[in-house]
$ cat work_1.cif   # mmCIF, C-alpha atoms
data_final
#
loop_
_atom_site.label_atom_id
_atom_site.label_comp_id
_atom_site.auth_asym_id
_atom_site.auth_seq_id
_atom_site.Cartn_x
_atom_site.Cartn_y
_atom_site.Cartn_z
CA MET E 1 0.00 0.00 0.00
CA PHE E 2 2.77 2.41 0.96
CA GLY E 3 4.54 1.68 -2.34
CA TYR E 4 1.43 2.60 -4.39
CA LEU E 5 1.03 5.81 -2.40
CA LEU E 6 4.65 6.71 -3.01
CA ILE E 7 4.27 6.10 -6.75
CA PHE E 8 1.09 8.22 -6.81
CA LEU E 9 2.77 11.10 -4.98
CA LEU E 10 5.77 10.90 -7.29
CA CYS E 11 3.49 11.06 -10.36
CA VAL E 12 1.70 14.10 -8.91
CA LEU E 13 5.05 15.77 -8.23
CA VAL E 14 6.28 15.16 -11.78
CA LEU E 15 3.02 16.40 -13.29
CA ALA E 16 3.06 19.53 -11.13
CA GLY E 17 6.64 20.20 -12.13
CA LEU E 18 5.90 19.85 -15.84
CA LEU E 19 2.79 22.03 -15.68
CA THR E 20 4.81 25.03 -14.45
CA ARG E 21 6.07 25.43 -18.03
CA HIS E 22 2.62 26.76 -18.93
CA ILE E 23 2.20 29.24 -16.05
CA LEU E 24 3.35 32.69 -17.20
CA THR E 25 4.31 34.76 -14.17
CA VAL E 26 5.48 38.30 -13.38
CA ARG E 27 8.41 38.62 -10.99
CA HIS E 28 8.63 42.01 -9.22
CA TYR E 29 11.64 43.87 -7.81
CA ARG E 30 11.88 47.26 -6.04
CA LEU E 31 15.35 48.79 -5.86
CA ARG E 32 16.66 52.05 -4.34
CA TYR E 33 19.73 54.00 -5.43
CA LYS E 34 21.53 57.11 -4.22
CA LYS E 35 22.68 57.86 -7.77
CA LEU E 36 19.21 57.69 -9.29
CA PRO E 37 17.88 61.19 -10.14
CA PRO E 38 14.66 62.09 -8.26
CA GLU E 39 12.95 62.53 -11.63
CA PHE E 40 13.28 58.76 -12.10
CA ASP E 41 11.69 57.89 -8.76
CA GLY E 42 9.21 55.10 -9.48
CA PHE E 43 10.69 54.43 -12.92
CA LYS E 44 9.41 51.06 -14.13
CA ILE E 45 11.35 48.62 -16.33
CA VAL E 46 9.98 45.42 -17.84
CA GLN E 47 12.55 42.82 -18.91
CA LEU E 48 11.98 39.99 -21.39
CA SER E 49 14.51 37.27 -22.14
CA ASP E 50 14.99 33.88 -23.83
CA LEU E 51 11.68 33.44 -25.62
CA HIS E 52 13.28 30.91 -28.00
CA GLU E 53 10.31 31.43 -30.31
CA ARG E 54 7.67 30.06 -27.96
CA TYR E 55 4.12 31.34 -28.35
CA TYR E 56 1.92 32.51 -25.47
CA GLY E 57 -1.46 32.74 -27.12
CA GLU E 58 -2.08 33.93 -30.65
CA ASN E 59 0.58 36.47 -31.65
CA ASN E 60 1.93 36.24 -28.08
CA GLU E 61 -1.05 38.24 -26.86
CA LYS E 62 -0.72 36.81 -23.32
CA ILE E 63 2.71 38.40 -22.90
CA ILE E 64 1.68 41.67 -24.57
CA SER E 65 -1.46 42.08 -22.45
CA LYS E 66 0.41 41.38 -19.19
CA ILE E 67 3.04 43.99 -20.05
CA ALA E 68 0.38 46.56 -21.00
CA LEU E 69 -1.19 46.17 -17.54
CA LEU E 70 2.19 46.85 -15.90
CA GLU E 71 2.47 50.26 -17.67
CA PRO E 72 6.29 50.27 -17.92
CA ASP E 73 8.39 53.33 -18.73
CA ILE E 74 10.70 51.17 -20.83
CA ILE E 75 10.93 47.55 -21.96
CA VAL E 76 14.30 45.82 -22.27
CA ILE E 77 15.16 42.58 -24.05
CA THR E 78 18.22 40.55 -23.06
CA GLY E 79 18.63 38.10 -25.92
CA ASP E 80 17.67 34.71 -27.37
CA MET E 81 14.20 35.79 -28.42
CA ALA E 82 14.90 34.00 -31.72
CA ASP E 83 16.22 30.44 -31.73
CA GLU E 84 19.09 29.03 -33.77
CA HIS E 85 16.83 26.18 -34.92
CA GLY E 86 13.93 28.46 -35.84
CA THR E 87 12.98 29.99 -39.16
CA ALA E 88 12.71 33.59 -40.33
CA GLY E 89 9.61 35.36 -39.07
CA GLY E 90 9.43 33.51 -35.75
CA SER E 91 7.17 34.18 -32.79
CA TYR E 92 9.23 37.14 -31.58
CA VAL E 93 8.05 39.22 -34.57
CA SER E 94 4.44 39.59 -33.36
CA LEU E 95 5.74 40.15 -29.83
CA TYR E 96 7.99 43.02 -30.95
CA GLU E 97 5.13 44.55 -32.93
CA GLY E 98 2.93 44.48 -29.84
CA ILE E 99 5.30 45.67 -27.12
CA SER E 100 6.71 48.53 -29.23
CA LYS E 101 3.27 50.17 -28.96
CA ILE E 102 3.42 50.11 -25.15
CA ALA E 103 6.73 51.80 -24.28
CA PRO E 104 10.23 52.47 -25.70
CA VAL E 105 12.05 49.17 -26.22
CA PHE E 106 15.80 48.49 -26.00
CA CYS E 107 17.43 45.17 -26.85
CA VAL E 108 20.61 43.15 -27.03
CA MET E 109 20.92 39.76 -28.69
CA GLY E 110 22.05 36.42 -27.35
CA ASN E 111 24.09 33.46 -28.46
CA HIS E 112 21.21 31.90 -30.42
CA GLU E 113 20.79 34.95 -32.64
CA TYR E 114 24.48 34.88 -33.54
CA ARG E 115 25.04 31.14 -33.64
CA GLY E 116 21.95 30.65 -35.79
CA LYS E 117 22.80 33.65 -38.01
CA ARG E 118 19.51 35.31 -37.02
CA SER E 119 20.92 38.64 -35.80
CA GLN E 120 20.45 40.61 -39.04
CA GLU E 121 16.91 39.30 -39.44
CA GLU E 122 16.04 40.37 -35.90
CA LEU E 123 17.74 43.75 -36.34
CA ILE E 124 15.47 44.46 -39.33
CA ILE E 125 12.39 43.65 -37.23
CA CYS E 126 13.71 45.94 -34.47
CA ASN E 127 14.20 48.81 -36.90
CA GLU E 128 10.73 48.33 -38.40
CA ASN E 129 9.19 48.65 -34.94
CA GLY E 130 11.35 51.45 -33.55
CA ILE E 131 13.18 49.14 -31.13
CA ILE E 132 16.63 50.43 -30.24
CA SER E 133 19.42 47.86 -30.58
CA LEU E 134 22.23 48.46 -28.09
CA GLU E 135 24.95 46.16 -29.41
CA ASP E 136 28.07 47.64 -27.75
CA LYS E 137 26.41 51.05 -27.44
CA GLY E 138 25.22 53.46 -24.81
CA TYR E 139 21.98 55.44 -24.75
CA ASN E 140 21.18 58.52 -22.67
CA PHE E 141 17.53 58.20 -21.55
CA VAL E 142 16.05 61.58 -20.60
CA LYS E 143 13.04 62.15 -18.34
CA ASP E 144 11.92 65.57 -17.10
CA GLY E 145 15.35 67.05 -17.81
CA ALA E 146 17.30 64.35 -15.93
CA SER E 147 18.90 61.27 -17.45
CA ILE E 148 20.21 57.77 -16.86
CA SER E 149 22.43 55.65 -19.10
CA ILE E 150 21.39 52.38 -20.71
CA VAL E 151 24.34 50.34 -22.00
CA GLY E 152 24.16 47.17 -24.09
CA LEU E 153 26.83 44.57 -24.78
CA SER E 154 26.66 42.08 -27.65
CA ASP E 155 27.06 38.39 -26.89
CA GLU E 156 30.53 36.86 -27.07
CA GLU E 157 29.45 34.68 -30.00
CA LYS E 158 29.15 37.74 -32.23
CA PHE E 159 31.62 37.05 -35.04
CA ASN E 160 32.97 40.57 -35.55
CA ILE E 161 33.63 41.86 -32.06
CA VAL E 162 36.51 44.36 -32.18
CA PHE E 163 37.59 44.05 -28.57
CA ASP E 164 38.66 40.74 -27.11
CA THR E 165 36.64 40.75 -23.90
CA PRO E 166 33.29 42.10 -22.70
CA MET E 167 35.17 44.11 -20.05
CA GLU E 168 37.20 45.90 -22.74
CA ARG E 169 34.08 46.67 -24.73
CA LEU E 170 32.29 48.04 -21.67
CA SER E 171 35.35 50.14 -20.83
CA TYR E 172 35.34 51.57 -24.34
CA ILE E 173 31.66 52.57 -24.09
CA MET E 174 32.22 54.19 -20.71
CA ASP E 175 35.27 56.10 -21.92
CA GLU E 176 33.38 57.35 -25.00
CA ASN E 177 30.28 58.38 -23.03
CA GLU E 178 31.00 60.31 -19.86
CA SER E 179 27.27 60.27 -19.04
CA VAL E 180 27.57 56.52 -18.34
CA ARG E 181 29.23 57.47 -15.06
CA GLN E 182 25.82 58.62 -13.80
CA PHE E 183 23.25 55.98 -12.85
CA ASN E 184 23.64 53.22 -15.41
CA LEU E 185 21.78 50.11 -16.48
CA LEU E 186 23.68 47.33 -18.29
CA LEU E 187 21.91 44.94 -20.66
CA THR E 188 23.75 41.77 -21.64
CA HIS E 189 22.73 38.21 -22.36
CA ARG E 190 24.96 36.29 -19.92
CA ASN E 191 26.00 36.83 -16.31
CA ASP E 192 29.42 35.19 -16.78
CA TYR E 193 31.32 38.45 -16.24
CA ALA E 194 29.16 40.01 -13.54
CA ASP E 195 31.99 40.23 -11.00
CA GLU E 196 34.19 42.11 -13.48
CA PHE E 197 31.35 44.44 -14.55
CA ALA E 198 30.66 45.32 -10.92
CA LYS E 199 34.25 46.55 -10.58
CA GLN E 200 33.74 48.82 -13.60
CA GLY E 201 31.04 50.85 -11.90
CA VAL E 202 27.83 49.26 -13.21
CA ASP E 203 24.83 50.00 -10.96
CA LEU E 204 22.25 47.53 -12.26
CA MET E 205 22.85 44.62 -14.66
CA LEU E 206 20.05 42.71 -16.38
CA CYS E 207 20.61 39.42 -18.21
CA GLY E 208 19.12 35.99 -18.92
CA HIS E 209 20.62 32.94 -20.67
CA MET E 210 20.26 30.47 -17.78
CA HIS E 211 16.52 29.80 -18.22
CA GLY E 212 16.17 29.77 -14.45
CA GLY E 213 18.14 26.52 -14.45
CA GLN E 214 15.34 25.14 -16.70
CA ILE E 215 15.06 22.03 -14.48
CA ARG E 216 14.56 22.88 -10.80
CA LEU E 217 13.54 20.95 -7.70
CA PRO E 218 11.75 22.29 -4.61
CA ILE E 219 14.18 23.37 -1.87
CA ILE E 220 17.22 22.32 -3.95
CA GLY E 221 16.72 24.89 -6.72
CA ALA E 222 18.40 24.69 -10.13
CA VAL E 223 19.56 21.20 -11.07
CA PHE E 224 20.46 21.56 -14.73
CA SER E 225 20.76 24.29 -17.33
CA PRO E 226 21.35 23.47 -21.00
CA SER E 227 23.14 26.80 -21.25
CA GLY E 228 26.67 25.44 -21.08
CA GLY E 229 25.41 22.00 -19.97
CA ARG E 230 25.85 22.85 -16.31
CA LEU E 231 24.78 20.75 -13.36
CA PHE E 232 23.63 22.67 -10.26
CA PRO E 233 24.29 26.06 -11.89
CA VAL E 234 24.43 29.24 -9.82
CA ARG E 235 22.87 32.67 -10.42
CA THR E 236 20.12 31.13 -12.52
CA LYS E 237 17.31 33.58 -11.72
CA GLY E 238 16.62 36.26 -9.19
CA LEU E 239 18.34 39.25 -7.60
CA TYR E 240 21.99 39.00 -6.56
CA LYS E 241 24.32 41.51 -4.94
CA VAL E 242 27.71 41.54 -6.69
CA GLY E 243 29.94 44.08 -4.99
CA ASP E 244 28.05 47.37 -5.21
CA MET E 245 26.12 46.20 -8.28
CA ASP E 246 22.66 44.69 -8.38
CA LEU E 247 22.36 41.74 -10.79
CA ILE E 248 18.97 40.53 -11.97
CA VAL E 249 18.91 37.26 -13.92
CA SER E 250 15.64 36.57 -15.72
CA GLY E 251 14.39 33.00 -15.66
CA GLY E 252 13.27 33.57 -19.24
CA LEU E 253 10.20 32.69 -21.25
CA GLY E 254 11.29 29.63 -23.21
CA GLU E 255 13.77 26.79 -23.30
CA SER E 256 16.42 25.31 -25.55
CA THR E 257 17.90 21.86 -26.18
CA ILE E 258 15.01 20.08 -24.43
CA PRO E 259 11.43 21.49 -24.46
CA VAL E 260 11.00 21.19 -20.69
CA ARG E 261 10.78 23.57 -17.76
CA PHE E 262 10.43 21.70 -14.48
CA PHE E 263 9.21 23.57 -11.37
CA ASN E 264 10.31 26.65 -13.26
CA CYS E 265 7.59 29.04 -14.41
CA PRO E 266 8.39 31.27 -17.39
CA GLU E 267 8.56 34.88 -16.31
CA ILE E 268 8.26 38.52 -17.20
CA VAL E 269 10.44 40.68 -14.93
CA GLU E 270 9.23 44.01 -13.58
CA ILE E 271 11.70 46.35 -11.84
CA GLU E 272 10.76 49.57 -10.07
CA LEU E 273 13.56 52.04 -9.36
CA TYR E 274 13.41 54.53 -6.50
CA ALA E 275 15.68 57.44 -5.62
CA GLU E 276 16.79 57.62 -2.01
CA ASP E 277 16.66 61.42 -2.05
CA ALA E 278 13.22 61.75 -3.67
CA GLU E 279 10.44 63.49 -1.74
CA ARG E 280 7.34 61.39 -1.12
#

$ encode --input "work_1.cif" --output "structure tokens"
Amino acid sequence: MFGYLLIFLLCVLVLAGLLTRHILTVRHYRLRYKKLPPEFDGFKIVQLSDLHERYYGENNEKIISKIALLEPDIIVITGDMADEHGTAGGSYVSLYEGISKIAPVFCVMGNHEYRGKRSQEELIICNENGIISLEDKGYNFVKDGASISIVGLSDEEKFNIVFDTPMERLSYIMDENESVRQFNLLLTHRNDYADEFAKQGVDLMLCGHMHGGQIRLPIIGAVFSPSGGRLFPVRTKGLYKVGDMDLIVSGGLGESTIPVRFFNCPEIVEIELYAEDAER
């Protein structure tokens, strides 16, 4: 009798774990900064990452409608929205068309866009929808006369990177744009170099790539991520303090290698920024 009960409970656990793949969630963060201008108090960012050409309703309307309800000031994309095994005109196209009507959108690309030679295709879709590509570029975002810097780094699989390391490329952007020394937001696909970026004066870094570990277990956390084929990977999703820098890793919207997310709901990330000196 006990054996049958154990098998039943195990089946329920497996089914519950597999069903989380279909539960689209919104993960919220509230962060305070001394460097943030008071004009940006309450500034809201929505982050999307790692769609891998999954659909959430027709034309990805489930994602678009959830974002519209959040009323973000900007939307940022941190790569792998296309998939190296996909075809031109994938599911990200309708998503980009929809979210570009909600708020200004900034994006960087991931390893799948470069490895699958999809980057130019996606760049065309970005341009058609007014989405700003920040591949090794900085952008000065102005609000009520004050500004913050948004910096994007291209993935290391980009074939024509001029500088050898992401740290050198970030240093170049910072040297070229003095405004980056104010409050800055870094968009990149991977978190591999987070410790080095923190030393370069980054305030807030947003990335994805790890798919939340993709396969997770209660209490234990991430067990396996196909990104790099890692067992028990670290910094798979959530908020981490790296030196003086805040690092947010999105658990992503899709999956690669194997079409499974186990105890790992796909997520939209919402971040609210607050200025310590703002009057309330």

$ residues_near_point --input "work_1.cif" --point "(35.2, 46.6, -21.4)" --cutoff "12 Å" --atoms "only C-alpha atoms" --output "PyMOL selection string"
chain E and resi 136-137+151-154+161-176+186+193-194+196-202

$ residues_around --input "work_1.cif" --residues "Val142 in chain E" --least-positions-apart "2" --cutoff "12 Å" --atoms "all atoms listed in the file" --output "PyMOL selection string"
chain E and resi 37+39-40+43+73-74+104+139-140+144-150+179+183

$ residues_around --input "work_1.cif" --residues "Ile75 in chain E" --least-positions-apart "5" --cutoff "7 Å" --atoms "all atoms listed in the file" --output "list in words"
Ile45, Val46, Gln47, Ala103, Pro104, Val105 and Phe106 of chain E

$ residues_near_point --input "work_1.cif" --point "(20.3, 49.0, -31.8)" --cutoff "8 Å" --atoms "only C-alpha atoms" --output "list in words"
Phe106, Cys107, Val108, Leu123, Cys126, Asn127, Ile131, Ile132, Ser133, Leu134, Glu135 and Lys137 of chain E

$ closest_residue --input "work_1.cif" --among "E:Thr87, E:Ser94, E:Ser100, E:Asn60" --to "Glu121 in chain E" --atoms "all atoms listed in the file"
E:Thr87

$ residues_around --input "work_1.cif" --residues "Arg190 in chain E" --least-positions-apart "3" --cutoff "9 Å" --atoms "all atoms listed in the file" --output "PyMOL selection string"
chain E and resi 78-79+110+155+193-194+206-210+249

$ write_last_selection --input "work_1.cif" --atoms "C-alpha atoms" --output "PDB file, keeping the file's coordinate frame"
ATOM      1  CA  THR E  78      18.220  40.550 -23.060  1.00  0.00           C
ATOM      2  CA  GLY E  79      18.630  38.100 -25.920  1.00  0.00           C
ATOM      3  CA  GLY E 110      22.050  36.420 -27.350  1.00  0.00           C
ATOM      4  CA  ASP E 155      27.060  38.390 -26.890  1.00  0.00           C
ATOM      5  CA  TYR E 193      31.320  38.450 -16.240  1.00  0.00           C
ATOM      6  CA  ALA E 194      29.160  40.010 -13.540  1.00  0.00           C
ATOM      7  CA  LEU E 206      20.050  42.710 -16.380  1.00  0.00           C
ATOM      8  CA  CYS E 207      20.610  39.420 -18.210  1.00  0.00           C
ATOM      9  CA  GLY E 208      19.120  35.990 -18.920  1.00  0.00           C
ATOM     10  CA  HIS E 209      20.620  32.940 -20.670  1.00  0.00           C
ATOM     11  CA  MET E 210      20.260  30.470 -17.780  1.00  0.00           C
ATOM     12  CA  VAL E 249      18.910  37.260 -13.920  1.00  0.00           C
TER      13      VAL E 249
END

$ atom_distance --input "work_1.cif" --atom1 "CA of Ile77 in chain E" --atom2 "CA of Ser49 in chain E"
5.7 Å

$ residues_around --input "work_1.cif" --residues "range 61-71 of chain E" --least-positions-apart "5" --cutoff "10 Å" --atoms "all atoms listed in the file" --output "CSV table (one decimal) with C-alpha atoms, keeping the file's coordinate frame"
chain,number,residue,atom,x,y,z
E,24,LEU,CA,3.4,32.7,-17.2
E,25,THR,CA,4.3,34.8,-14.2
E,26,VAL,CA,5.5,38.3,-13.4
E,44,LYS,CA,9.4,51.1,-14.1
E,45,ILE,CA,11.4,48.6,-16.3
E,46,VAL,CA,10.0,45.4,-17.8
E,47,GLN,CA,12.6,42.8,-18.9
E,48,LEU,CA,12.0,40.0,-21.4
E,55,TYR,CA,4.1,31.3,-28.4
E,56,TYR,CA,1.9,32.5,-25.5
E,94,SER,CA,4.4,39.6,-33.4
E,95,LEU,CA,5.7,40.2,-29.8
E,96,TYR,CA,8.0,43.0,-31.0
E,97,GLU,CA,5.1,44.6,-32.9
E,98,GLY,CA,2.9,44.5,-29.8
E,99,ILE,CA,5.3,45.7,-27.1
E,100,SER,CA,6.7,48.5,-29.2
E,101,LYS,CA,3.3,50.2,-29.0
E,102,ILE,CA,3.4,50.1,-25.2
E,103,ALA,CA,6.7,51.8,-24.3
E,253,LEU,CA,10.2,32.7,-21.2
E,267,GLU,CA,8.6,34.9,-16.3
E,268,ILE,CA,8.3,38.5,-17.2
E,269,VAL,CA,10.4,40.7,-14.9
E,270,GLU,CA,9.2,44.0,-13.6

$ atom_distance --input "work_1.cif" --atom1 "CA of Glu272 in chain E" --atom2 "CA of Ile23 in chain E"
22.9 Å

$ closest_residue --input "work_1.cif" --among "E:Glu58, E:Asp83, E:Glu157, E:Glu255" --to "His211 in chain E" --atoms "all atoms listed in the file"
E:Glu255

$ closest_residue --input "work_1.cif" --among "E:Arg115, E:His52, E:Arg30, E:Arg21" --to "Ile248 in chain E" --atoms "only C-alpha atoms"
E:Arg30

$ closest_residue --input "work_1.cif" --among "E:Gln214, E:Asn191, E:Asn129, E:Ser225" --to "Asp246 in chain E" --atoms "all atoms listed in the file"
E:Asn191

$ resolve_selection --input "work_1.cif" --expression "the PyMOL selection byres ((chain E and resi 220-223) around 10)" --output "MDAnalysis selection string"
chainID E and resid 210:219 224:225 230:237 262:264

$ atom_distance --input "work_1.cif" --atom1 "CA of Gly254 in chain E" --atom2 "CA of Met81 in chain E"
8.6 Å

$ resolve_selection --input "work_1.cif" --expression "the PyMOL selection byres ((chain E and resi 53) around 6)" --output "list of chain:residue names"
E:Leu51, E:His52, E:Arg54, E:Ala82, E:Gly90, E:Ser91, E:Tyr92

$ closest_residue --input "work_1.cif" --among "E:Val242, E:Leu185, E:Met109, E:Leu247" --to "Phe141 in chain E" --atoms "only C-alpha atoms"
E:Leu185

$ axis_aligned_box --input "work_1.cif" --around "range 172-177 of chain E" --padding-each-side "6 Å" --output "AutoDock Vina command-line options"
--center_x 32.8 --center_y 55.0 --center_z -22.9 --size_x 17.1 --size_y 18.8 --size_z 16.3
